[in-house]
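Colleague: Sending over a structure as structure tokens; questions will come in a sec.
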Amino acid sequence: METVSDLPVFPEISTTRYQLREIKVEDAQDLHEVYSDSEVVKYWGAIPFESIEQTASLIQDFQNGFSSGATIRWGIAEKTNGRVIGTCGFHNWAKKKRRAEVGYEIRRSEWRKGVMSEVLGIILPYGFHTMELNRIGALIHPDNLGSAKLAEKLGFHAEGQLRDYQFVDGEFQDLVMYSLLKKDTKW
């Protein structure tokens, strides 16, 4: 079976409303609206971006991660206009251990519209089948009730709270580890 690191080009995936595609520097303005919003990045482990250069640097990190086979991060582009409203994908990919973590964020105006249910419902099976993962983790801030509810809806199980797991803007924050195992899914 072909795995992501074997692919010569970035894989595109289509959902009903979105095209999941490679993030390019041309998407920096759209994504800067996401990463500069304090409410969006509140639980993301970062402070809001202040410059478009920070967003362009993150896009380069996403591209480098794919080139090295360590990560895959899709831009969530609206099919109607091609505008990127957020990202989703896998990081901390341990190929030999067959595990990775999923991450995602979208523009605040798109919250509670079923975007992440739709796109994660496509990329999670992709992770299990194409990337040959056995375990997908998700680290979620204890106060991020929306993300926790989404993870549970998708079949993730809370495993435990990681105390002072990340340091953001001068303070330590706890995160809750969630997991989804291939044997626990219908995919």
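Lettering and numbering for the structure tokens are positional, with chains as A, B, ... in the shown order, residues counted from 1 in each chain, and ligands counted from 1 in the shown order.
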Compile a residue-level contact table for stretch 46-157 of chain A against stretch 164-172 of chain A at a cut-off of 10 Å, reporting for every qualifying residue the shortest atom pair and its distance in Å to one decimal, with only C-alpha atoms counted, rows ordered by chain and ascending number, as a Markdown table.
Modeller:
```
| residue | atom | partner | partner_atom | distance |
| --- | --- | --- | --- | --- |
| A:Ala46 | CA | A:Val168 | CA | 6.0 |
| A:Ile47 | CA | A:Asp169 | CA | 6.5 |
| A:Leu139 | CA | A:Tyr165 | CA | 9.7 |
| A:His141 | CA | A:Tyr165 | CA | 9.9 |
```
Colleague: So that I can see what lies close to A:Asn144, please list as a PyMOL selection string the residues with an atom at most 12 Å from it, counting only C-alpha atoms and leaving out residues fewer than 2 positions away in the same chain.
Modeller: chain A and resi 39-45+139-142+146-151+174-176
Colleague: Would you mind telling me which residue in A:Lys95, A:Leu58, A:Gln63, A:Leu120 lies nearest to A:Ile13 when using only C-alpha atoms?
Modeller: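 Nearest candidate to A:Ile13 out of A:Lys95, A:Leu58, A:Gln63, A:Leu120: A:Leu120.
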Colleague: Stretch 21-60 of chain A near stretch 78-89 of chain A within 10 Å: what's each residue's closest atom pair and its distance in Å to one decimal, counting only C-alpha atoms, ordered by chain then ascending residue number, as JSON lines?
Modeller:
```
{"residue": "A:Arg21", "atom": "CA", "partner": "A:Thr87", "partner_atom": "CA", "distance": 9.3}
{"residue": "A:Glu22", "atom": "CA", "partner": "A:Thr87", "partner_atom": "CA", "distance": 9.7}
{"residue": "A:Ile23", "atom": "CA", "partner": "A:Thr87", "partner_atom": "CA", "distance": 8.3}
{"residue": "A:Asp27", "atom": "CA", "partner": "A:Val84", "partner_atom": "CA", "distance": 6.7}
{"residue": "A:Ala28", "atom": "CA", "partner": "A:Val84", "partner_atom": "CA", "distance": 9.2}
{"residue": "A:Gln29", "atom": "CA", "partner": "A:Val84", "partner_atom": "CA", "distance": 9.3}
{"residue": "A:Asp30", "atom": "CA", "partner": "A:Val84", "partner_atom": "CA", "distance": 5.9}
{"residue": "A:Leu31", "atom": "CA", "partner": "A:Gly86", "partner_atom": "CA", "distance": 6.5}
{"residue": "A:His32", "atom": "CA", "partner": "A:Gly86", "partner_atom": "CA", "distance": 9.7}
{"residue": "A:Glu33", "atom": "CA", "partner": "A:Ile85", "partner_atom": "CA", "distance": 8.7}
{"residue": "A:Val34", "atom": "CA", "partner": "A:Gly86", "partner_atom": "CA", "distance": 6.7}
{"residue": "A:Tyr35", "atom": "CA", "partner": "A:Gly86", "partner_atom": "CA", "distance": 9.1}
```
Colleague: Tell me, which residues of stretch 2-183 of chain A carry DSSP alpha helix (DSSP H), written as a ChimeraX atom specification?
Modeller: /A:28-35,38-41,52-68,115-129,145-153
Colleague: Any chance you could export the current selection's N, CA and C atoms as a short mmCIF file (atom, residue, chain, number, x, y, z; two decimals), in the first residue's frame?
Modeller:
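Dumped everything to part_35.cif:
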```cif
data_model
loop_
_atom_site.label_atom_id
_atom_site.label_comp_id
_atom_site.auth_asym_id
_atom_site.auth_seq_id
_atom_site.Cartn_x
_atom_site.Cartn_y
_atom_site.Cartn_z
N ALA A 28 -1.82 32.85 2.43
CA ALA A 28 -1.39 33.50 3.67
C ALA A 28 -2.42 34.50 4.18
N GLN A 29 -3.00 35.30 3.32
CA GLN A 29 -3.97 36.30 3.80
C GLN A 29 -5.20 35.63 4.40
N ASP A 30 -5.74 34.63 3.71
CA ASP A 30 -6.90 33.91 4.25
C ASP A 30 -6.56 33.29 5.60
N LEU A 31 -5.42 32.64 5.70
CA LEU A 31 -5.06 31.97 6.95
C LEU A 31 -4.64 32.95 8.04
N HIS A 32 -4.13 34.10 7.64
CA HIS A 32 -3.78 35.09 8.65
C HIS A 32 -5.03 35.54 9.43
N GLU A 33 -6.16 35.58 8.75
CA GLU A 33 -7.42 35.91 9.43
C GLU A 33 -7.73 34.87 10.50
N VAL A 34 -7.33 33.63 10.29
CA VAL A 34 -7.54 32.56 11.26
C VAL A 34 -6.56 32.70 12.42
N TYR A 35 -5.27 32.75 12.11
CA TYR A 35 -4.23 32.72 13.13
C TYR A 35 -4.04 34.03 13.90
N SER A 38 -7.68 35.97 18.26
CA SER A 38 -7.38 35.47 19.60
C SER A 38 -8.33 34.36 20.05
N GLU A 39 -9.57 34.38 19.61
CA GLU A 39 -10.52 33.33 19.98
C GLU A 39 -10.19 32.00 19.29
N VAL A 40 -9.72 32.07 18.06
CA VAL A 40 -9.37 30.85 17.32
C VAL A 40 -8.15 30.19 17.93
N VAL A 41 -7.13 30.97 18.26
CA VAL A 41 -5.88 30.38 18.76
C VAL A 41 -5.85 30.24 20.28
N ILE A 52 1.67 39.01 8.73
CA ILE A 52 1.45 38.06 7.64
C ILE A 52 2.69 37.19 7.46
N GLU A 53 3.86 37.71 7.83
CA GLU A 53 5.10 36.94 7.72
C GLU A 53 5.08 35.72 8.64
N GLN A 54 4.47 35.86 9.82
CA GLN A 54 4.34 34.71 10.72
C GLN A 54 3.49 33.62 10.07
N THR A 55 2.41 34.03 9.41
CA THR A 55 1.55 33.07 8.73
C THR A 55 2.28 32.43 7.57
N ALA A 56 3.01 33.21 6.80
CA ALA A 56 3.78 32.66 5.68
C ALA A 56 4.83 31.66 6.19
N SER A 57 5.43 31.94 7.32
CA SER A 57 6.41 31.02 7.91
C SER A 57 5.74 29.71 8.33
N LEU A 58 4.55 29.79 8.89
CA LEU A 58 3.82 28.58 9.27
C LEU A 58 3.48 27.75 8.03
N ILE A 59 3.08 28.41 6.96
CA ILE A 59 2.78 27.70 5.71
C ILE A 59 4.03 26.97 5.23
N GLN A 60 5.18 27.61 5.32
CA GLN A 60 6.44 26.97 4.94
C GLN A 60 6.71 25.76 5.83
N ASP A 61 6.41 25.88 7.13
CA ASP A 61 6.57 24.74 8.05
C ASP A 61 5.67 23.58 7.63
N PHE A 62 4.43 23.88 7.24
CA PHE A 62 3.53 22.82 6.77
C PHE A 62 4.10 22.14 5.53
N GLN A 63 4.62 22.92 4.60
CA GLN A 63 5.19 22.36 3.37
C GLN A 63 6.44 21.52 3.68
N ASN A 64 7.29 22.01 4.55
CA ASN A 64 8.48 21.25 4.93
C ASN A 64 8.12 19.96 5.64
N GLY A 65 7.09 20.00 6.47
CA GLY A 65 6.64 18.81 7.17
C GLY A 65 6.17 17.73 6.22
N PHE A 66 5.48 18.13 5.16
CA PHE A 66 5.05 17.14 4.17
C PHE A 66 6.25 16.60 3.40
N SER A 67 7.15 17.49 2.99
CA SER A 67 8.33 17.06 2.23
C SER A 67 9.17 16.05 3.00
N SER A 68 9.25 16.22 4.31
CA SER A 68 10.05 15.32 5.14
C SER A 68 9.29 14.07 5.55
N VAL A 115 -18.31 22.07 9.70
CA VAL A 115 -17.12 22.00 8.85
C VAL A 115 -16.20 20.88 9.32
N MET A 116 -15.84 20.89 10.59
CA MET A 116 -14.87 19.92 11.08
C MET A 116 -15.44 18.51 11.11
N SER A 117 -16.70 18.35 11.38
CA SER A 117 -17.30 17.01 11.30
C SER A 117 -17.15 16.46 9.89
N GLU A 118 -17.37 17.32 8.90
CA GLU A 118 -17.29 16.90 7.50
C GLU A 118 -15.85 16.56 7.10
N VAL A 119 -14.90 17.42 7.43
CA VAL A 119 -13.53 17.18 6.96
C VAL A 119 -12.83 16.09 7.78
N LEU A 120 -13.07 16.05 9.09
CA LEU A 120 -12.45 15.00 9.89
C LEU A 120 -13.04 13.63 9.55
N GLY A 121 -14.31 13.62 9.15
CA GLY A 121 -14.93 12.38 8.72
C GLY A 121 -14.29 11.80 7.47
N ILE A 122 -13.52 12.60 6.76
CA ILE A 122 -12.78 12.15 5.58
C ILE A 122 -11.31 11.87 5.91
N ILE A 123 -10.67 12.76 6.70
CA ILE A 123 -9.23 12.56 6.91
C ILE A 123 -8.92 11.47 7.94
N LEU A 124 -9.81 11.21 8.88
CA LEU A 124 -9.53 10.14 9.84
C LEU A 124 -9.44 8.79 9.14
N PRO A 125 -10.40 8.42 8.28
CA PRO A 125 -10.23 7.16 7.53
C PRO A 125 -8.98 7.18 6.65
N TYR A 126 -8.65 8.34 6.08
CA TYR A 126 -7.43 8.47 5.29
C TYR A 126 -6.21 8.11 6.15
N GLY A 127 -6.20 8.61 7.39
CA GLY A 127 -5.09 8.30 8.29
C GLY A 127 -4.98 6.82 8.58
N PHE A 128 -6.12 6.17 8.81
CA PHE A 128 -6.07 4.74 9.13
C PHE A 128 -5.71 3.89 7.92
N HIS A 129 -6.21 4.25 6.77
CA HIS A 129 -6.02 3.39 5.60
C HIS A 129 -4.80 3.76 4.75
N LEU A 145 -14.49 23.05 25.10
CA LEU A 145 -15.61 22.10 25.13
C LEU A 145 -16.10 21.73 23.74
N GLY A 146 -16.06 22.67 22.80
CA GLY A 146 -16.49 22.38 21.44
C GLY A 146 -15.63 21.32 20.78
N SER A 147 -14.33 21.44 20.94
CA SER A 147 -13.41 20.46 20.34
C SER A 147 -13.55 19.11 21.03
N ALA A 148 -13.71 19.11 22.35
CA ALA A 148 -13.89 17.85 23.08
C ALA A 148 -15.18 17.15 22.63
N LYS A 149 -16.24 17.91 22.48
CA LYS A 149 -17.52 17.34 22.03
C LYS A 149 -17.38 16.75 20.62
N LEU A 150 -16.68 17.45 19.74
CA LEU A 150 -16.46 16.95 18.38
C LEU A 150 -15.65 15.65 18.42
N ALA A 151 -14.58 15.63 19.20
CA ALA A 151 -13.75 14.43 19.28
C ALA A 151 -14.58 13.23 19.76
N GLU A 152 -15.37 13.44 20.79
CA GLU A 152 -16.20 12.36 21.32
C GLU A 152 -17.24 11.90 20.29
N LYS A 153 -17.82 12.84 19.56
CA LYS A 153 -18.79 12.50 18.50
C LYS A 153 -18.14 11.62 17.44
#
```
Colleague: Kindly give the distance, in Å, that separates atom CA of A:Gly137 and atom CA of A:Gln19, rounded to a single decimal.
Modeller: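 Answer for the atom CA of A:Gly137 to atom CA of A:Gln19 separation: 23.6 Å.
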Colleague: Report as an mmCIF file with all heavy atoms, in the first residue's frame: the residues of stretch 56-105 of chain A with a DSSP assignment of strand (DSSP E), based on the backbone of this structure.
Modeller:
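Once everything was written out, this is part_8.cif:
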```cif
data_model
loop_
_atom_site.group_PDB
_atom_site.id
_atom_site.type_symbol
_atom_site.label_atom_id
_atom_site.label_comp_id
_atom_site.auth_asym_id
_atom_site.auth_seq_id
_atom_site.Cartn_x
_atom_site.Cartn_y
_atom_site.Cartn_z
ATOM 1 N N ILE A 72 1.212 16.092 7.594
ATOM 2 C CA ILE A 72 0.398 16.442 6.427
ATOM 3 C C ILE A 72 -0.707 17.360 6.925
ATOM 4 O O ILE A 72 -1.436 17.023 7.850
ATOM 5 C CB ILE A 72 -0.158 15.207 5.685
ATOM 6 C CG1 ILE A 72 -0.931 15.652 4.449
ATOM 7 C CG2 ILE A 72 -0.983 14.319 6.597
ATOM 8 C CD1 ILE A 72 -1.238 14.534 3.478
ATOM 9 N N ARG A 73 -0.759 18.559 6.364
ATOM 10 C CA ARG A 73 -1.732 19.561 6.799
ATOM 11 C C ARG A 73 -2.428 20.097 5.558
ATOM 12 O O ARG A 73 -1.801 20.657 4.671
ATOM 13 C CB ARG A 73 -1.015 20.687 7.531
ATOM 14 C CG ARG A 73 -1.905 21.597 8.318
ATOM 15 C CD ARG A 73 -2.408 20.919 9.569
ATOM 16 N NE ARG A 73 -3.055 21.847 10.462
ATOM 17 C CZ ARG A 73 -3.178 21.637 11.754
ATOM 18 N NH1 ARG A 73 -2.696 20.554 12.314
ATOM 19 N NH2 ARG A 73 -3.796 22.504 12.502
ATOM 20 N N TRP A 74 -3.735 19.882 5.503
ATOM 21 C CA TRP A 74 -4.530 20.335 4.372
ATOM 22 C C TRP A 74 -5.119 21.714 4.641
ATOM 23 O O TRP A 74 -5.534 22.018 5.757
ATOM 24 C CB TRP A 74 -5.706 19.396 4.131
ATOM 25 C CG TRP A 74 -5.377 18.078 3.538
ATOM 26 C CD1 TRP A 74 -5.211 17.783 2.209
ATOM 27 C CD2 TRP A 74 -5.210 16.833 4.233
ATOM 28 N NE1 TRP A 74 -4.946 16.437 2.044
ATOM 29 C CE2 TRP A 74 -4.939 15.839 3.280
ATOM 30 C CE3 TRP A 74 -5.256 16.464 5.579
ATOM 31 C CZ2 TRP A 74 -4.729 14.508 3.612
ATOM 32 C CZ3 TRP A 74 -5.039 15.144 5.924
ATOM 33 C CH2 TRP A 74 -4.777 14.182 4.949
ATOM 34 N N GLY A 75 -5.214 22.523 3.597
ATOM 35 C CA GLY A 75 -6.025 23.728 3.648
ATOM 36 C C GLY A 75 -7.463 23.330 3.361
ATOM 37 O O GLY A 75 -7.715 22.502 2.483
ATOM 38 N N ILE A 76 -8.383 23.872 4.111
ATOM 39 C CA ILE A 76 -9.813 23.610 3.900
ATOM 40 C C ILE A 76 -10.342 24.735 3.020
ATOM 41 O O ILE A 76 -10.563 25.851 3.489
ATOM 42 C CB ILE A 76 -10.582 23.562 5.238
ATOM 43 C CG1 ILE A 76 -9.959 22.530 6.180
ATOM 44 C CG2 ILE A 76 -12.060 23.283 4.991
ATOM 45 C CD1 ILE A 76 -10.475 22.611 7.618
ATOM 46 N N ALA A 77 -10.493 24.443 1.740
ATOM 47 C CA ALA A 77 -10.917 25.452 0.770
ATOM 48 C C ALA A 77 -12.386 25.246 0.410
ATOM 49 O O ALA A 77 -12.809 24.127 0.129
ATOM 50 C CB ALA A 77 -10.056 25.372 -0.489
ATOM 51 N N GLU A 78 -13.136 26.331 0.434
ATOM 52 C CA GLU A 78 -14.537 26.266 0.030
ATOM 53 C C GLU A 78 -14.605 25.972 -1.469
ATOM 54 O O GLU A 78 -13.897 26.602 -2.260
ATOM 55 C CB GLU A 78 -15.241 27.586 0.328
ATOM 56 C CG GLU A 78 -15.326 27.892 1.806
ATOM 57 C CD GLU A 78 -15.921 29.258 2.089
ATOM 58 O OE1 GLU A 78 -15.469 30.250 1.473
ATOM 59 O OE2 GLU A 78 -16.836 29.324 2.919
ATOM 60 N N VAL A 84 -9.600 29.633 1.536
ATOM 61 C CA VAL A 84 -9.184 28.736 2.613
ATOM 62 C C VAL A 84 -9.711 29.290 3.936
ATOM 63 O O VAL A 84 -9.421 30.426 4.303
ATOM 64 C CB VAL A 84 -7.649 28.582 2.647
ATOM 65 C CG1 VAL A 84 -7.217 27.745 3.833
ATOM 66 C CG2 VAL A 84 -7.159 27.958 1.349
ATOM 67 N N ILE A 85 -10.494 28.461 4.632
ATOM 68 C CA ILE A 85 -11.119 28.907 5.880
ATOM 69 C C ILE A 85 -10.458 28.288 7.111
ATOM 70 O O ILE A 85 -10.851 28.587 8.238
ATOM 71 C CB ILE A 85 -12.623 28.602 5.886
ATOM 72 C CG1 ILE A 85 -12.884 27.095 5.770
ATOM 73 C CG2 ILE A 85 -13.336 29.386 4.785
ATOM 74 C CD1 ILE A 85 -14.312 26.689 6.061
ATOM 75 N N GLY A 86 -9.477 27.428 6.913
ATOM 76 C CA GLY A 86 -8.794 26.791 8.028
ATOM 77 C C GLY A 86 -7.918 25.664 7.537
ATOM 78 O O GLY A 86 -7.690 25.514 6.329
ATOM 79 N N THR A 87 -7.442 24.869 8.489
ATOM 80 C CA THR A 87 -6.584 23.733 8.137
ATOM 81 C C THR A 87 -6.942 22.533 8.999
ATOM 82 O O THR A 87 -7.579 22.657 10.043
ATOM 83 C CB THR A 87 -5.078 24.038 8.338
ATOM 84 O OG1 THR A 87 -4.741 23.955 9.717
ATOM 85 C CG2 THR A 87 -4.692 25.394 7.775
ATOM 86 N N CYS A 88 -6.497 21.377 8.545
ATOM 87 C CA CYS A 88 -6.626 20.147 9.330
ATOM 88 C C CYS A 88 -5.540 19.189 8.862
ATOM 89 O O CYS A 88 -5.050 19.309 7.738
ATOM 90 C CB CYS A 88 -8.009 19.521 9.169
ATOM 91 S SG CYS A 88 -8.387 18.992 7.489
ATOM 92 N N GLY A 89 -5.173 18.272 9.728
ATOM 93 C CA GLY A 89 -4.174 17.307 9.302
ATOM 94 C C GLY A 89 -3.533 16.585 10.461
ATOM 95 O O GLY A 89 -4.006 16.641 11.598
ATOM 96 N N PHE A 90 -2.433 15.911 10.134
ATOM 97 C CA PHE A 90 -1.741 15.062 11.089
ATOM 98 C C PHE A 90 -0.329 15.581 11.335
ATOM 99 O O PHE A 90 0.344 16.029 10.417
ATOM 100 C CB PHE A 90 -1.665 13.623 10.560
ATOM 101 C CG PHE A 90 -3.013 13.003 10.344
ATOM 102 C CD1 PHE A 90 -3.546 12.890 9.063
ATOM 103 C CD2 PHE A 90 -3.756 12.541 11.421
ATOM 104 C CE1 PHE A 90 -4.788 12.319 8.863
ATOM 105 C CE2 PHE A 90 -5.006 11.966 11.229
ATOM 106 C CZ PHE A 90 -5.527 11.856 9.952
ATOM 107 N N HIS A 91 0.115 15.465 12.584
ATOM 108 C CA HIS A 91 1.480 15.843 12.978
ATOM 109 C C HIS A 91 1.958 14.835 14.020
ATOM 110 O O HIS A 91 1.213 13.941 14.407
ATOM 111 C CB HIS A 91 1.515 17.283 13.518
ATOM 112 C CG HIS A 91 0.571 17.518 14.651
ATOM 113 N ND1 HIS A 91 -0.767 17.794 14.475
ATOM 114 C CD2 HIS A 91 0.763 17.481 15.986
ATOM 115 C CE1 HIS A 91 -1.350 17.922 15.649
ATOM 116 N NE2 HIS A 91 -0.447 17.736 16.589
ATOM 117 N N ASN A 92 3.204 15.003 14.437
ATOM 118 C CA ASN A 92 3.819 14.036 15.372
ATOM 119 C C ASN A 92 3.623 12.605 14.867
ATOM 120 O O ASN A 92 3.299 11.698 15.629
ATOM 121 C CB ASN A 92 3.272 14.200 16.796
ATOM 122 C CG ASN A 92 3.697 15.498 17.428
ATOM 123 O OD1 ASN A 92 4.677 16.102 17.022
ATOM 124 N ND2 ASN A 92 2.957 15.945 18.423
ATOM 125 N N TRP A 93 3.851 12.437 13.571
ATOM 126 C CA TRP A 93 3.636 11.141 12.929
ATOM 127 C C TRP A 93 4.828 10.227 13.217
ATOM 128 O O TRP A 93 5.945 10.499 12.784
ATOM 129 C CB TRP A 93 3.447 11.352 11.438
ATOM 130 C CG TRP A 93 3.108 10.138 10.657
ATOM 131 C CD1 TRP A 93 2.703 8.917 11.130
ATOM 132 C CD2 TRP A 93 3.119 10.008 9.236
ATOM 133 N NE1 TRP A 93 2.463 8.053 10.099
ATOM 134 C CE2 TRP A 93 2.721 8.696 8.926
ATOM 135 C CE3 TRP A 93 3.439 10.877 8.201
ATOM 136 C CZ2 TRP A 93 2.620 8.234 7.614
ATOM 137 C CZ3 TRP A 93 3.334 10.427 6.901
ATOM 138 C CH2 TRP A 93 2.929 9.113 6.615
ATOM 139 N N ALA A 94 4.572 9.162 13.963
ATOM 140 C CA ALA A 94 5.577 8.137 14.257
ATOM 141 C C ALA A 94 5.240 6.925 13.390
ATOM 142 O O ALA A 94 4.440 6.072 13.780
ATOM 143 C CB ALA A 94 5.572 7.789 15.740
ATOM 144 N N ARG A 99 1.280 5.770 14.578
ATOM 145 C CA ARG A 99 0.427 6.719 15.276
ATOM 146 C C ARG A 99 0.754 8.144 14.835
ATOM 147 O O ARG A 99 1.855 8.428 14.348
ATOM 148 C CB ARG A 99 0.570 6.575 16.781
ATOM 149 C CG ARG A 99 1.888 7.045 17.311
ATOM 150 C CD ARG A 99 1.937 6.997 18.843
ATOM 151 N NE ARG A 99 3.189 7.559 19.289
ATOM 152 C CZ ARG A 99 4.095 6.928 19.997
ATOM 153 N NH1 ARG A 99 3.891 5.681 20.385
ATOM 154 N NH2 ARG A 99 5.209 7.525 20.346
ATOM 155 N N ALA A 100 -0.218 9.014 15.015
ATOM 156 C CA ALA A 100 -0.063 10.441 14.738
ATOM 157 C C ALA A 100 -1.106 11.181 15.564
ATOM 158 O O ALA A 100 -1.987 10.567 16.171
ATOM 159 C CB ALA A 100 -0.249 10.738 13.248
ATOM 160 N N GLU A 101 -0.985 12.502 15.577
ATOM 161 C CA GLU A 101 -1.981 13.345 16.229
ATOM 162 C C GLU A 101 -2.672 14.184 15.177
ATOM 163 O O GLU A 101 -2.070 14.568 14.174
ATOM 164 C CB GLU A 101 -1.319 14.244 17.273
ATOM 165 C CG GLU A 101 -0.751 13.465 18.441
ATOM 166 C CD GLU A 101 0.057 14.319 19.392
ATOM 167 O OE1 GLU A 101 0.100 15.556 19.242
ATOM 168 O OE2 GLU A 101 0.668 13.726 20.303
ATOM 169 N N VAL A 102 -3.941 14.448 15.406
ATOM 170 C CA VAL A 102 -4.722 15.261 14.497
ATOM 171 C C VAL A 102 -4.841 16.672 15.069
ATOM 172 O O VAL A 102 -4.875 16.853 16.290
ATOM 173 C CB VAL A 102 -6.121 14.629 14.244
ATOM 174 C CG1 VAL A 102 -6.996 14.672 15.482
ATOM 175 C CG2 VAL A 102 -6.818 15.282 13.059
ATOM 176 N N GLY A 103 -4.845 17.641 14.183
ATOM 177 C CA GLY A 103 -5.028 19.034 14.583
ATOM 178 C C GLY A 103 -5.899 19.743 13.565
ATOM 179 O O GLY A 103 -5.980 19.332 12.404
ATOM 180 N N TYR A 104 -6.551 20.805 14.008
ATOM 181 C CA TYR A 104 -7.476 21.523 13.119
ATOM 182 C C TYR A 104 -7.832 22.870 13.714
ATOM 183 O O TYR A 104 -7.790 23.073 14.925
ATOM 184 C CB TYR A 104 -8.752 20.710 12.902
ATOM 185 C CG TYR A 104 -9.335 20.109 14.174
ATOM 186 C CD1 TYR A 104 -10.202 20.831 14.978
ATOM 187 C CD2 TYR A 104 -8.986 18.822 14.570
ATOM 188 C CE1 TYR A 104 -10.719 20.290 16.140
ATOM 189 C CE2 TYR A 104 -9.502 18.267 15.730
ATOM 190 C CZ TYR A 104 -10.367 19.013 16.518
ATOM 191 O OH TYR A 104 -10.870 18.471 17.687
ATOM 192 N N GLU A 105 -8.156 23.802 12.853
ATOM 193 C CA GLU A 105 -8.681 25.105 13.250
ATOM 194 C C GLU A 105 -9.356 25.754 12.054
ATOM 195 O O GLU A 105 -8.963 25.501 10.909
ATOM 196 C CB GLU A 105 -7.604 26.024 13.832
ATOM 197 C CG GLU A 105 -6.592 26.544 12.848
ATOM 198 C CD GLU A 105 -5.560 25.504 12.454
ATOM 199 O OE1 GLU A 105 -5.139 24.689 13.288
ATOM 200 O OE2 GLU A 105 -5.169 25.503 11.270
#
```
Colleague: Hey, what's within 7 Å of A:Arg98 if we count only C-alpha atoms and toss same-chain stuff fewer than 2 positions away? As a VMD selection string, please?
Modeller: chain A and resid 94 to 96 132 to 135
Colleague: Could you tell me how far atom CA of A:Leu180 lies from atom CA of A:His157, in Å and to one decimal?
Modeller: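 Going from atom CA of A:Leu180 over to atom CA of A:His157, I get 6.5 Å.
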Colleague: What does the structure give for the distance between atom CA of A:Leu162 and atom CA of A:Gly114, in Å to one decimal?
Modeller: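 Spanning atom CA of A:Leu162 to atom CA of A:Gly114 is a straight-line distance of 28.1 Å.
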